[in-house]
Structure formats: structure tokens, C-alpha cells
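Participant: Quick one, data_39.csv (CSV, C-alpha atoms and all ligand atoms):
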chain,number,residue,atom,x,y,z
G,248,MET,CA,52.4,-49.6,20.8
G,249,LYS,CA,55.1,-49.3,18.1
G,250,ILE,CA,54.3,-47.2,15.0
G,251,ALA,CA,56.8,-47.3,12.0
G,252,VAL,CA,56.7,-44.3,9.6
G,253,VAL,CA,58.3,-45.3,6.3
G,254,GLY,CA,58.6,-44.1,2.7
G,255,LYS,CA,60.8,-42.7,0.0
G,256,GLY,CA,63.3,-39.9,0.7
G,257,GLY,CA,61.8,-36.5,1.2
G,258,ALA,CA,58.2,-37.9,1.1
G,259,GLY,CA,57.4,-36.3,4.4
G,260,LYS,CA,58.1,-39.0,7.0
G,261,THR,CA,59.7,-36.7,9.6
G,262,THR,CA,56.9,-34.1,9.3
G,263,THR,CA,54.3,-36.8,9.6
G,264,ALA,CA,56.1,-38.6,12.5
G,265,ALA,CA,56.5,-35.3,14.4
G,266,VAL,CA,52.8,-34.2,14.2
G,267,LEU,CA,51.7,-37.7,15.0
G,268,ALA,CA,53.9,-38.0,18.1
G,269,ARG,CA,52.8,-34.7,19.4
G,270,THR,CA,49.2,-35.3,18.7
G,271,LEU,CA,49.4,-38.6,20.6
G,272,ALA,CA,51.2,-36.9,23.5
G,273,ARG,CA,48.4,-34.5,24.0
G,274,THR,CA,46.2,-37.3,25.1
G,275,GLY,CA,48.5,-37.7,28.1
G,276,GLN,CA,49.9,-41.1,27.2
G,277,PRO,CA,53.7,-41.6,27.3
G,278,VAL,CA,55.1,-41.1,23.8
G,279,VAL,CA,58.7,-41.7,22.5
G,280,ALA,CA,59.6,-40.2,19.2
G,281,LEU,CA,62.4,-42.4,17.8
G,282,ASP,CA,64.6,-40.9,15.1
G,283,CYS,CA,65.9,-43.9,13.1
G,284,ASP,CA,67.6,-41.8,10.4
G,285,THR,CA,71.4,-41.7,10.2
G,286,ASN,CA,70.9,-38.0,9.5
G,287,PRO,CA,68.5,-37.2,12.3
G,288,ASN,CA,66.2,-34.2,12.1
G,289,LEU,CA,63.1,-35.3,13.8
G,290,GLY,CA,63.9,-33.1,16.8
G,291,LEU,CA,63.6,-30.0,14.6
G,292,SER,CA,60.1,-31.0,13.4
G,293,LEU,CA,59.1,-31.8,17.0
G,294,GLY,CA,60.1,-28.4,18.2
G,295,VAL,CA,63.1,-29.5,20.2
G,296,GLY,CA,65.3,-27.0,18.4
G,297,MET,CA,68.6,-27.1,16.6
G,298,ASP,CA,70.9,-27.2,19.6
G,299,ALA,CA,69.2,-30.1,21.4
G,300,THR,CA,69.0,-32.0,18.1
G,301,GLU,CA,72.7,-31.4,17.5
G,302,ALA,CA,73.5,-32.6,21.0
G,303,LEU,CA,71.7,-35.8,20.4
G,304,LEU,CA,73.7,-36.2,17.2
G,305,SER,CA,76.9,-36.0,19.2
G,306,LEU,CA,75.6,-38.7,21.5
G,307,ARG,CA,75.1,-41.0,18.6
G,308,ASP,CA,78.4,-42.9,18.8
G,309,GLY,CA,77.4,-43.8,22.3
G,310,VAL,CA,74.1,-45.2,21.3
G,311,GLY,CA,75.5,-48.5,20.0
G,312,ASP,CA,77.2,-49.1,23.3
G,313,GLY,CA,74.2,-47.9,25.1
G,314,VAL,CA,72.1,-50.6,23.5
G,315,GLU,CA,74.6,-53.3,24.5
G,316,HIS,CA,75.0,-52.2,28.1
G,317,ALA,CA,71.6,-50.7,28.9
G,318,ARG,CA,69.4,-52.7,31.1
G,319,SER,CA,66.2,-51.7,29.4
G,320,TRP,CA,64.3,-49.5,27.0
G,321,ASP,CA,63.6,-47.1,29.9
G,322,ASP,CA,67.3,-46.8,30.6
G,323,ILE,CA,68.0,-45.9,27.0
G,324,VAL,CA,65.2,-43.4,26.9
G,325,ALA,CA,66.5,-41.8,30.1
G,326,ARG,CA,70.1,-41.7,28.8
G,327,PHE,CA,69.5,-40.7,25.2
G,328,GLY,CA,66.2,-38.9,25.3
G,329,VAL,CA,65.4,-35.2,25.3
G,330,ASP,CA,62.0,-33.8,26.3
G,331,ALA,CA,60.0,-32.3,23.5
G,332,PRO,CA,57.2,-29.8,23.9
G,333,GLY,CA,54.1,-31.8,24.4
G,334,ARG,CA,51.2,-29.4,24.7
G,335,ARG,CA,49.7,-26.3,23.2
G,336,PRO,CA,51.7,-23.3,24.2
G,337,PRO,CA,50.2,-21.4,27.1
G,338,ARG,CA,47.7,-18.7,26.0
G,339,HIS,CA,46.9,-15.3,27.4
G,340,GLY,CA,50.2,-15.3,29.3
G,341,LEU,CA,48.9,-17.9,31.7
G,342,GLN,CA,51.4,-20.1,33.4
G,343,ASP,CA,51.3,-23.6,31.8
G,344,ARG,CA,50.8,-25.7,34.9
G,345,GLY,CA,50.7,-29.5,35.4
G,346,PRO,CA,52.8,-32.4,34.2
G,347,ARG,CA,54.8,-32.2,31.1
G,348,PHE,CA,54.6,-35.0,28.7
G,349,ARG,CA,57.8,-36.7,28.3
G,350,LEU,CA,58.5,-37.0,24.6
G,351,PRO,CA,62.1,-38.0,24.3
G,352,VAL,CA,63.7,-38.1,21.0
G,353,MET,CA,66.4,-40.6,20.5
G,354,ARG,CA,68.6,-42.1,17.8
G,355,GLY,CA,69.9,-45.6,17.6
G,356,LEU,CA,69.9,-48.8,15.7
G,357,PRO,CA,66.2,-49.1,15.0
G,358,GLU,CA,66.0,-52.8,14.5
G,359,GLN,CA,67.6,-53.3,18.0
G,360,LEU,CA,65.7,-50.6,19.8
G,361,LEU,CA,62.3,-51.7,18.5
G,362,GLY,CA,63.1,-55.3,19.5
G,363,LEU,CA,63.4,-54.3,23.2
G,364,ASP,CA,60.6,-54.7,25.7
G,365,ILE,CA,58.6,-51.5,25.8
G,366,ALA,CA,55.9,-50.8,28.3
G,367,GLU,CA,52.4,-51.5,27.1
G,368,ASP,CA,51.2,-47.9,27.7
G,369,THR,CA,54.0,-46.3,25.8
G,370,THR,CA,53.6,-45.4,22.2
G,371,VAL,CA,56.8,-45.3,20.1
G,372,VAL,CA,56.6,-43.3,16.9
G,373,ALA,CA,59.7,-44.4,14.8
G,374,ASP,CA,60.7,-42.2,11.9
G,375,PHE,CA,62.5,-44.6,9.6
G,376,GLU,CA,65.3,-44.0,7.3
G,377,ALA,CA,64.3,-43.4,3.7
G,378,GLY,CA,63.6,-46.4,1.5
G,379,ILE,CA,62.7,-49.9,2.8
G,380,GLY,CA,66.1,-51.0,4.3
G,381,THR,CA,65.0,-50.8,7.9
G,382,LEU,CA,61.8,-52.6,7.2
G,383,THR,CA,63.7,-55.5,5.6
G,384,ARG,CA,66.1,-55.6,8.6
G,385,LEU,CA,63.4,-55.8,11.2
G,386,GLY,CA,63.5,-59.5,11.0
G,387,GLU,CA,61.2,-61.1,13.5
G,388,THR,CA,60.5,-57.8,15.2
G,389,LYS,CA,56.9,-56.8,14.9
G,390,VAL,CA,55.3,-53.3,15.0
G,391,ASP,CA,51.7,-52.5,15.8
G,392,ALA,CA,51.1,-50.1,12.9
G,393,VAL,CA,52.8,-48.9,9.8
G,394,VAL,CA,52.4,-45.4,8.2
G,395,VAL,CA,53.6,-45.3,4.6
G,396,VAL,CA,54.2,-41.7,3.5
G,397,THR,CA,54.3,-40.9,-0.2
G,398,ASP,CA,54.0,-37.9,-2.5
G,399,PRO,CA,52.1,-38.3,-5.8
G,400,THR,CA,55.2,-38.8,-7.9
G,401,VAL,CA,55.9,-42.1,-9.7
G,402,LYS,CA,59.1,-42.8,-7.8
G,403,SER,CA,57.6,-42.2,-4.4
G,404,LEU,CA,54.5,-44.3,-5.1
G,405,GLU,CA,56.7,-47.1,-6.3
G,406,VAL,CA,58.5,-47.2,-3.0
G,407,ALA,CA,55.2,-46.8,-1.1
G,408,SER,CA,53.7,-49.8,-2.9
G,409,ARG,CA,56.6,-52.0,-2.0
G,410,ALA,CA,56.8,-50.7,1.6
G,411,ALA,CA,53.0,-51.4,2.1
G,412,ARG,CA,53.4,-55.0,0.9
G,413,LEU,CA,56.5,-55.5,3.1
G,414,ALA,CA,54.7,-53.9,6.0
G,415,GLU,CA,52.2,-56.8,6.0
G,416,GLU,CA,55.0,-59.1,7.1
G,417,HIS,CA,55.9,-56.9,10.1
G,418,THR,CA,52.5,-55.9,11.4
G,419,ALA,CA,49.1,-57.4,12.2
G,420,GLY,CA,47.8,-53.9,12.8
G,421,PRO,CA,46.8,-51.1,10.5
G,422,ILE,CA,48.8,-49.9,7.5
G,423,VAL,CA,47.8,-46.3,6.6
G,424,ILE,CA,49.0,-44.5,3.5
G,425,VAL,CA,49.7,-40.8,4.0
G,426,ALA,CA,49.3,-39.2,0.5
G,427,ASN,CA,51.4,-36.1,1.1
G,428,ARG,CA,51.9,-32.9,-1.0
G,429,VAL,CA,48.6,-33.4,-2.9
G,430,LEU,CA,48.0,-30.5,-5.3
G,431,ASP,CA,44.7,-31.5,-6.8
G,432,GLU,CA,42.1,-34.2,-7.6
G,433,ALA,CA,44.4,-35.8,-10.1
G,434,ASP,CA,47.1,-36.3,-7.5
G,435,ARG,CA,44.6,-37.8,-5.1
G,436,ASP,CA,43.4,-40.2,-7.8
G,437,THR,CA,46.9,-41.2,-8.7
G,438,VAL,CA,47.6,-42.3,-5.1
G,439,GLU,CA,44.3,-44.0,-4.6
G,440,ARG,CA,44.6,-45.9,-7.9
G,441,THR,CA,48.2,-47.0,-7.2
G,442,LEU,CA,47.5,-48.1,-3.7
G,443,SER,CA,43.9,-49.2,-4.2
G,444,GLY,CA,42.2,-51.0,-1.3
G,445,ARG,CA,44.3,-49.3,1.3
G,446,THR,CA,43.4,-46.6,3.8
G,447,VAL,CA,44.6,-43.3,2.5
G,448,LEU,CA,44.9,-40.0,4.4
G,449,VAL,CA,45.3,-37.0,2.0
G,450,ILE,CA,47.6,-34.2,3.1
G,451,PRO,CA,47.7,-31.1,0.8
G,452,GLU,CA,50.8,-29.3,-0.5
G,453,ASP,CA,51.2,-26.5,2.0
G,454,ASP,CA,53.9,-23.8,2.2
G,455,ALA,CA,53.5,-23.6,6.0
G,456,ILE,CA,55.6,-26.9,6.3
G,457,PRO,CA,58.8,-25.7,4.6
G,458,ALA,CA,58.3,-22.3,6.2
G,459,ALA,CA,58.3,-23.9,9.7
G,460,ASP,CA,61.3,-26.0,8.7
G,461,ARG,CA,63.2,-22.9,7.6
G,462,ALA,CA,62.4,-21.2,10.9
G,463,ASP,CA,63.6,-24.3,12.9
G,464,THR,CA,60.1,-24.6,14.5
G,465,ALA,CA,57.6,-27.4,14.7
G,466,PRO,CA,54.9,-27.1,12.1
G,467,LEU,CA,52.4,-27.8,14.9
G,468,ASP,CA,53.6,-24.7,16.8
G,469,ALA,CA,54.3,-22.4,13.8
G,470,SER,CA,51.1,-23.2,11.9
G,471,PRO,CA,48.6,-25.4,13.8
G,472,ASP,CA,45.8,-24.3,11.6
G,473,SER,CA,47.5,-24.7,8.3
G,474,PRO,CA,45.8,-27.2,5.9
G,475,ALA,CA,48.6,-29.8,6.1
G,476,VAL,CA,49.0,-29.7,9.9
G,477,ARG,CA,45.2,-30.0,10.3
G,478,ALA,CA,45.0,-32.9,8.0
G,479,LEU,CA,48.0,-34.6,9.7
G,480,THR,CA,46.3,-34.4,13.1
G,481,GLY,CA,43.7,-36.8,11.6
G,482,LEU,CA,46.3,-39.6,11.5
G,483,ALA,CA,46.3,-40.5,15.2
G,484,PRO,CA,42.5,-41.2,15.3
G,485,LEU,CA,42.8,-43.1,12.1
G,486,LEU,CA,45.4,-45.4,13.6
G,487,ALA,CA,43.4,-45.9,16.8
G,488,GLY,CA,40.2,-46.5,14.9
G,489,SER,CA,41.3,-49.1,12.4
E,156,MET,CA,87.0,-29.0,-3.5
E,157,VAL,CA,83.7,-29.1,-1.7
E,158,VAL,CA,81.1,-26.6,-2.6
E,159,ALA,CA,77.3,-26.4,-2.1
E,160,ILE,CA,74.3,-26.0,-4.4
E,161,ALA,CA,71.1,-24.7,-3.0
E,162,ASN,CA,68.3,-26.8,-4.5
E,163,LYS,CA,64.5,-26.0,-4.3
E,164,ALA,CA,65.5,-22.5,-3.4
E,165,LEU,CA,62.8,-19.9,-3.0
E,166,ASP,CA,65.2,-16.9,-3.0
E,167,SER,CA,68.8,-15.9,-2.3
E,168,GLY,CA,68.0,-16.0,1.4
E,169,ASP,CA,68.0,-19.8,1.1
E,170,ALA,CA,71.4,-19.8,-0.4
E,171,GLU,CA,72.7,-17.6,2.4
E,172,GLN,CA,71.2,-19.9,5.0
E,173,LEU,CA,72.9,-22.9,3.3
E,174,ALA,CA,76.2,-21.1,3.3
E,175,ARG,CA,75.8,-20.2,7.0
E,176,PHE,CA,74.9,-23.7,8.1
E,177,SER,CA,77.3,-25.6,6.0
E,178,GLY,CA,80.2,-23.2,6.0
E,179,LEU,CA,80.6,-24.0,2.3
E,180,ARG,CA,80.6,-21.7,-0.6
E,181,VAL,CA,77.3,-21.8,-2.5
E,182,VAL,CA,78.2,-21.9,-6.2
E,183,GLY,CA,74.7,-22.4,-7.6
E,184,LEU,CA,71.0,-22.0,-6.9
E,185,VAL,CA,68.4,-24.2,-8.4
E,186,PRO,CA,64.9,-22.7,-7.9
E,187,ARG,CA,61.9,-24.5,-6.8
E,188,ASP,CA,60.2,-25.2,-10.2
E,189,PRO,CA,56.6,-26.4,-10.7
E,190,ALA,CA,57.7,-28.0,-14.0
E,191,LEU,CA,59.6,-30.5,-12.0
E,192,ALA,CA,56.5,-31.4,-10.0
E,193,ALA,CA,54.8,-32.1,-13.3
E,194,ALA,CA,57.7,-34.2,-14.6
E,195,GLU,CA,57.9,-36.2,-11.4
E,196,ARG,CA,54.2,-36.9,-11.5
E,197,ALA,CA,54.4,-38.0,-15.2
E,198,GLY,CA,57.5,-40.1,-14.5
E,199,VAL,CA,59.5,-38.5,-17.3
E,200,PRO,CA,62.8,-36.6,-17.3
E,201,LEU,CA,62.4,-32.9,-16.7
E,202,LEU,CA,64.8,-32.3,-19.6
E,203,ASP,CA,62.3,-34.0,-22.0
E,204,LEU,CA,59.1,-32.4,-20.6
E,205,SER,CA,60.3,-28.9,-20.1
E,206,PRO,CA,63.8,-28.3,-21.6
E,207,ALA,CA,63.5,-24.5,-21.1
E,208,SER,CA,62.2,-24.6,-17.4
E,209,PRO,CA,64.1,-22.5,-14.8
E,210,ALA,CA,65.4,-25.6,-13.0
E,211,VAL,CA,66.9,-27.1,-16.2
E,212,GLU,CA,68.5,-23.7,-17.0
E,213,ALA,CA,70.0,-23.4,-13.5
E,214,VAL,CA,71.4,-26.9,-13.6
E,215,GLY,CA,72.8,-26.2,-17.0
E,216,SER,CA,74.7,-23.2,-15.8
E,217,LEU,CA,76.2,-25.2,-12.9
E,218,LEU,CA,78.9,-26.7,-15.1
E,219,GLY,CA,80.2,-23.2,-15.9
E,220,ALA,CA,80.1,-22.3,-12.2
E,221,LEU,CA,81.9,-25.4,-11.1
E,222,THR,CA,84.6,-25.1,-13.8
E,223,LYS,CA,85.3,-21.6,-12.6
E,224,GLU,CA,85.6,-22.9,-9.0
E,225,ALA,CA,87.9,-25.9,-9.8
E,226,PRO,CA,91.5,-25.4,-8.8
G,501,LIG,N1,52.6,-31.2,2.8
G,501,LIG,C1,53.7,-30.5,2.5
G,501,LIG,N2,53.6,-29.4,1.7
G,501,LIG,C2,54.8,-28.8,1.3
G,501,LIG,N3,56.0,-29.2,1.7
G,501,LIG,C3,56.1,-30.3,2.4
G,501,LIG,C4,55.0,-31.0,2.9
G,501,LIG,N4,55.4,-32.1,3.6
G,501,LIG,C5,56.8,-32.0,3.6
G,501,LIG,N5,57.2,-31.0,2.9
G,501,LIG,C6,58.6,-30.5,2.7
G,501,LIG,O1,59.3,-31.6,2.1
G,501,LIG,C7,60.6,-31.8,2.6
G,501,LIG,C8,60.8,-33.2,3.2
G,501,LIG,O2,59.9,-33.4,4.3
G,501,LIG,P1,60.4,-34.4,5.5
G,501,LIG,O3,61.7,-34.0,6.0
G,501,LIG,O4,59.2,-34.5,6.4
G,501,LIG,O5,60.5,-35.7,4.6
G,501,LIG,P2,61.3,-37.1,5.0
G,501,LIG,O6,60.5,-38.1,4.3
G,501,LIG,O7,61.5,-37.2,6.4
G,501,LIG,O8,62.7,-36.8,4.3
G,501,LIG,P3,64.1,-37.7,4.5
G,501,LIG,O9,63.9,-38.9,3.6
G,501,LIG,O10,65.1,-36.8,4.0
G,501,LIG,O11,64.1,-38.1,6.0
G,501,LIG,C9,60.7,-30.7,3.7
G,501,LIG,O12,61.4,-29.6,3.1
G,501,LIG,C10,59.3,-30.3,4.0
G,501,LIG,O13,59.2,-28.9,4.4
G,502,MG,MG,63.2,-37.5,7.6
Once you've parsed the file, please lay out its structure as C-alpha cells.
Ligand SMILES: Nc1ncnc2c1ncn2[C@@H]1O[C@H](COP(=O)(O)OP(=O)(O)OP(=O)(O)O)[C@@H](O)[C@H]1O
Ligand SMILES: [Mg+2]
Facilitator:
Amino acid sequence: MKIAVVGKGGAGKTTTAAVLARTLARTGQPVVALDCDTNPNLGLSLGVGMDATEALLSLRDGVGDGVEHARSWDDIVARFGVDAPGRRPPRHGLQDRGPRFRLPVMRGLPEQLLGLDIAEDTTVVADFEAGIGTLTRLGETKVDAVVVVTDPTVKSLEVASRAARLAEEHTAGPIVIVANRVLDEADRDTVERTLSGRTVLVIPEDDAIPAADRADTAPLDASPDSPAVRALTGLAPLLAGS
Amino acid sequence: MVVAIANKALDSGDAEQLARFSGLRVVGLVPRDPALAAAERAGVPLLDLSPASPAVEAVGSLLGALTKEAP
């Protein structure tokens, strides 16, 4: 299953993609979080840390070649992936036993990568570059779901409206709107009015998100019970249920 | 000349972090400003909605800071 996360710059795509990828990985299925941004930082929100994210960045020039010469998606994931934390941290000092979920983060040409044959049981969460450029370049490549992230500002909603319409050409699956950084009822109404008829998941404005970013930790680890993280964990069931 | 401006800053710690990460001199700090959230929601320029807001004032004083920095 391929899930594209799209939206205007700064809307909250990376935060959303990271919480979604890790929520899905908790179920035990193989998950690949794919950073499609030329300025990759999905690793930070996943909890991979600054150093590993930087290391991936330096591999980036090799990725173009990798796509050309790699035999398969698995090959690329093995060569350019990094394992992210996949489960709740161990509690009460108990050893965290059992298999680790592989949750590689990679960077590459998204149109190319998403066009490769990917095993049926693998879920790819692709954090797209801001705007609608990558969506337009997908060509014939289809995805199985599109998450459109927007905040309640006029500019962000405008991009979200266009992205949602464009998404219909690239998926037969669910298109879910994530209304991020909602302050009040008025914000919620604005999003629901602008994108009426669509499935909307509301995520509140929450200082825990920038605080986690500042500390170079995954919001899911730093503040699992904060309002925004709790709300974002509702995205995976919504995608599965639609 | 390449210098940095810390936007959406909560405090001077943010400016310090930016300086550390970028290796650049931080010549200005624009605070996180609720007035901007309101302007963005209304779809109007901040300068028209709240000409005296902290963010507008901070951006206004950038010109002076940049002129001082210029070789
Ligand atoms: N619900 C929220 N409450 C408060 N701040 C948030 C929330 N969601 C995201 N942010 C903040 O907004 C900023 C942008 O978030 P994020 O990086 O997820 O967006 P993005 O869409 O991936 O941005 P880009 O287009 O640069 O890739 C970050 O500083 C983050 O801390
Ligand atoms: Mg991002």
C-alpha cells in the first residue's frame, strides 16, 4: 500500500507522516517511511535522530544511481534505508525483546521510487515535497491513499483544495484531509467549509509538536499523550476504514 | 554576505540554536506572533491587519540590522 502525504509548505506533512508511519509499524506490518523532500527531515520526526538523518542526506547523490542500477525496491530500501524506532520504549527498565520493526527512511526521486514494484504487505508512507509538484509528476503511477495536510489559513487551504482534486487522478482509494493546527471551532468550520464533502481529521494546535522538534525527538516518543499526537494516531484507522 | 534571521522564535535560545546549526550570524529575531495567525486566517497582509504587532516591528527593524552588517 502506498500512501502519499501532501500539502502546502509547513502545513505539518512531516509530522503527520512520521506519526502515521510509526502507528502503522506498531501493528507489525512492514512500513517504509519515504522522505520525498529535497530537504529531508522526516528522520527527525520519526526519532531516527539528527546524525542518521544527516548520513542519509549525504547518501542522496547516490540515490539517483541507485534507482537506475538497483534490482528492486527491496534492494533500494536495504541500501538507503535506516531503521527507525518502531515500538513503545520499554517500560519499567524491562528489556525490549522480540523483533524490531524495520522502518527504513529513504530519500530519492519519488516518482521513480513509487513506480517500482513494492511487496503487497508493505506500507509506504511517502512524505511529499511541499506544493503539488510531485503529485503532478506522478504520471501514470497510482497510490492507494492520499493524505492532504492543511492548516486553517487561506493559502494552505487553497493548496489543499487543488491537491485533493488532483489526488483523485492518482488514487482510487481514500483521500483524507488532515486539518492541522486548529485553534478553535472557527478554524474547524473554515476547513470543513472549504473542503466540504471530504473526510476531515482535526488536529489541534499543540506546543508539544514544536517542542519535540526543538529537542530532535519524535513527537510520538516525546509527548505520546499530547492532544495533537493523540489525534494523529487516529489517521491510520481512518485510512484503513474508508 | 550570508546571515540568518530566526523566525517564529520563542526566545533568544532559538536564535542561539540557529546560530549553532547554521554557523551563521543571526542578525534578527522575529517572534512567534498570534497576530500573524489571525492575518493568515483572514487572508490579509499582517501589515494591514496589525501594523503595530511584534512581528511587523521586528521585520521593520531588520533593515537597520542588515544595513549595519553589509560590508
Ligand atoms: N499541530 C501542531 N501544533 C503546533 N505546531 C505544529 C503542529 N504541527 C506542526 N507544527 C509545527 O509546524 C512546523 C512545520 O511542521 P512540519 O515540518 O511537519 O510541516 P511540513 O509540511 O512537513 O513542512 P515542509 O513543507 O517544510 O516539509 C514545525 O515547526 C512543527 O513543529
Ligand atoms: Mg516536511
Participant: Write out as a ChimeraX atom specification which residues come within 9 Å of G:Asn286 when counting all atoms listed in the file, dropping same-chain ones fewer than 2 positions away.
Facilitator: /G:282-284,288,304,376
Participant: Enumerate as a VMD selection string the residues belonging to chain E that approach chain G to within 10 Å, with only C-alpha atoms taken into account.
Facilitator: chain E and resid 169 172 192 to 199
Participant: Name the residues, by chain letter and number, that sit within 8 Å of ligand MG 502 (chain G) using only C-alpha atoms and all ligand atoms, and give them as a JSON list (two decimals) with C-alpha atoms, in the coordinates of the input.
Facilitator:
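The file below, selection35.json, is the result:
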[["chain", "number", "residue", "atom", "x", "y", "z"],
["G", 256, "GLY", "CA", 63.30, -39.90, 0.70],
["G", 257, "GLY", "CA", 61.80, -36.50, 1.20],
["G", 259, "GLY", "CA", 57.40, -36.30, 4.40],
["G", 260, "LYS", "CA", 58.10, -39.00, 7.00],
["G", 261, "THR", "CA", 59.70, -36.70, 9.60],
["G", 262, "THR", "CA", 56.90, -34.10, 9.30],
["G", 284, "ASP", "CA", 67.60, -41.80, 10.40],
["G", 286, "ASN", "CA", 70.90, -38.00, 9.50],
["G", 287, "PRO", "CA", 68.50, -37.20, 12.30],
["G", 288, "ASN", "CA", 66.20, -34.20, 12.10],
["G", 289, "LEU", "CA", 63.10, -35.30, 13.80],
["G", 374, "ASP", "CA", 60.70, -42.20, 11.90],
["G", 375, "PHE", "CA", 62.50, -44.60, 9.60],
["G", 376, "GLU", "CA", 65.30, -44.00, 7.30],
["G", 377, "ALA", "CA", 64.30, -43.40, 3.70]]
Participant: Quote the spacing between atom CA of G:Ala458 and atom CA of E:Ala213 in Å to one decimal place.
Facilitator: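 Atom CA of E:Ala213 lies 22.9 Å from atom CA of G:Ala458.
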Participant: Please identify all polymer residues within 12 Å of E:Val182, counting all atoms listed in the file, omitting same-chain residues fewer than 5 positions from it, and present them as number ranges by chain.
Facilitator: E: 156-162, 167, 170-171, 173-174, 213-214, 216-225
Participant: Every residue with an atom at most 6 Å from (48.3, -50.7, 14.5) (file coordinates; all atoms listed in the file) is what I'm after, so could you write them as a PyMOL selection string?
Facilitator: chain G and resi 391-392+420-421
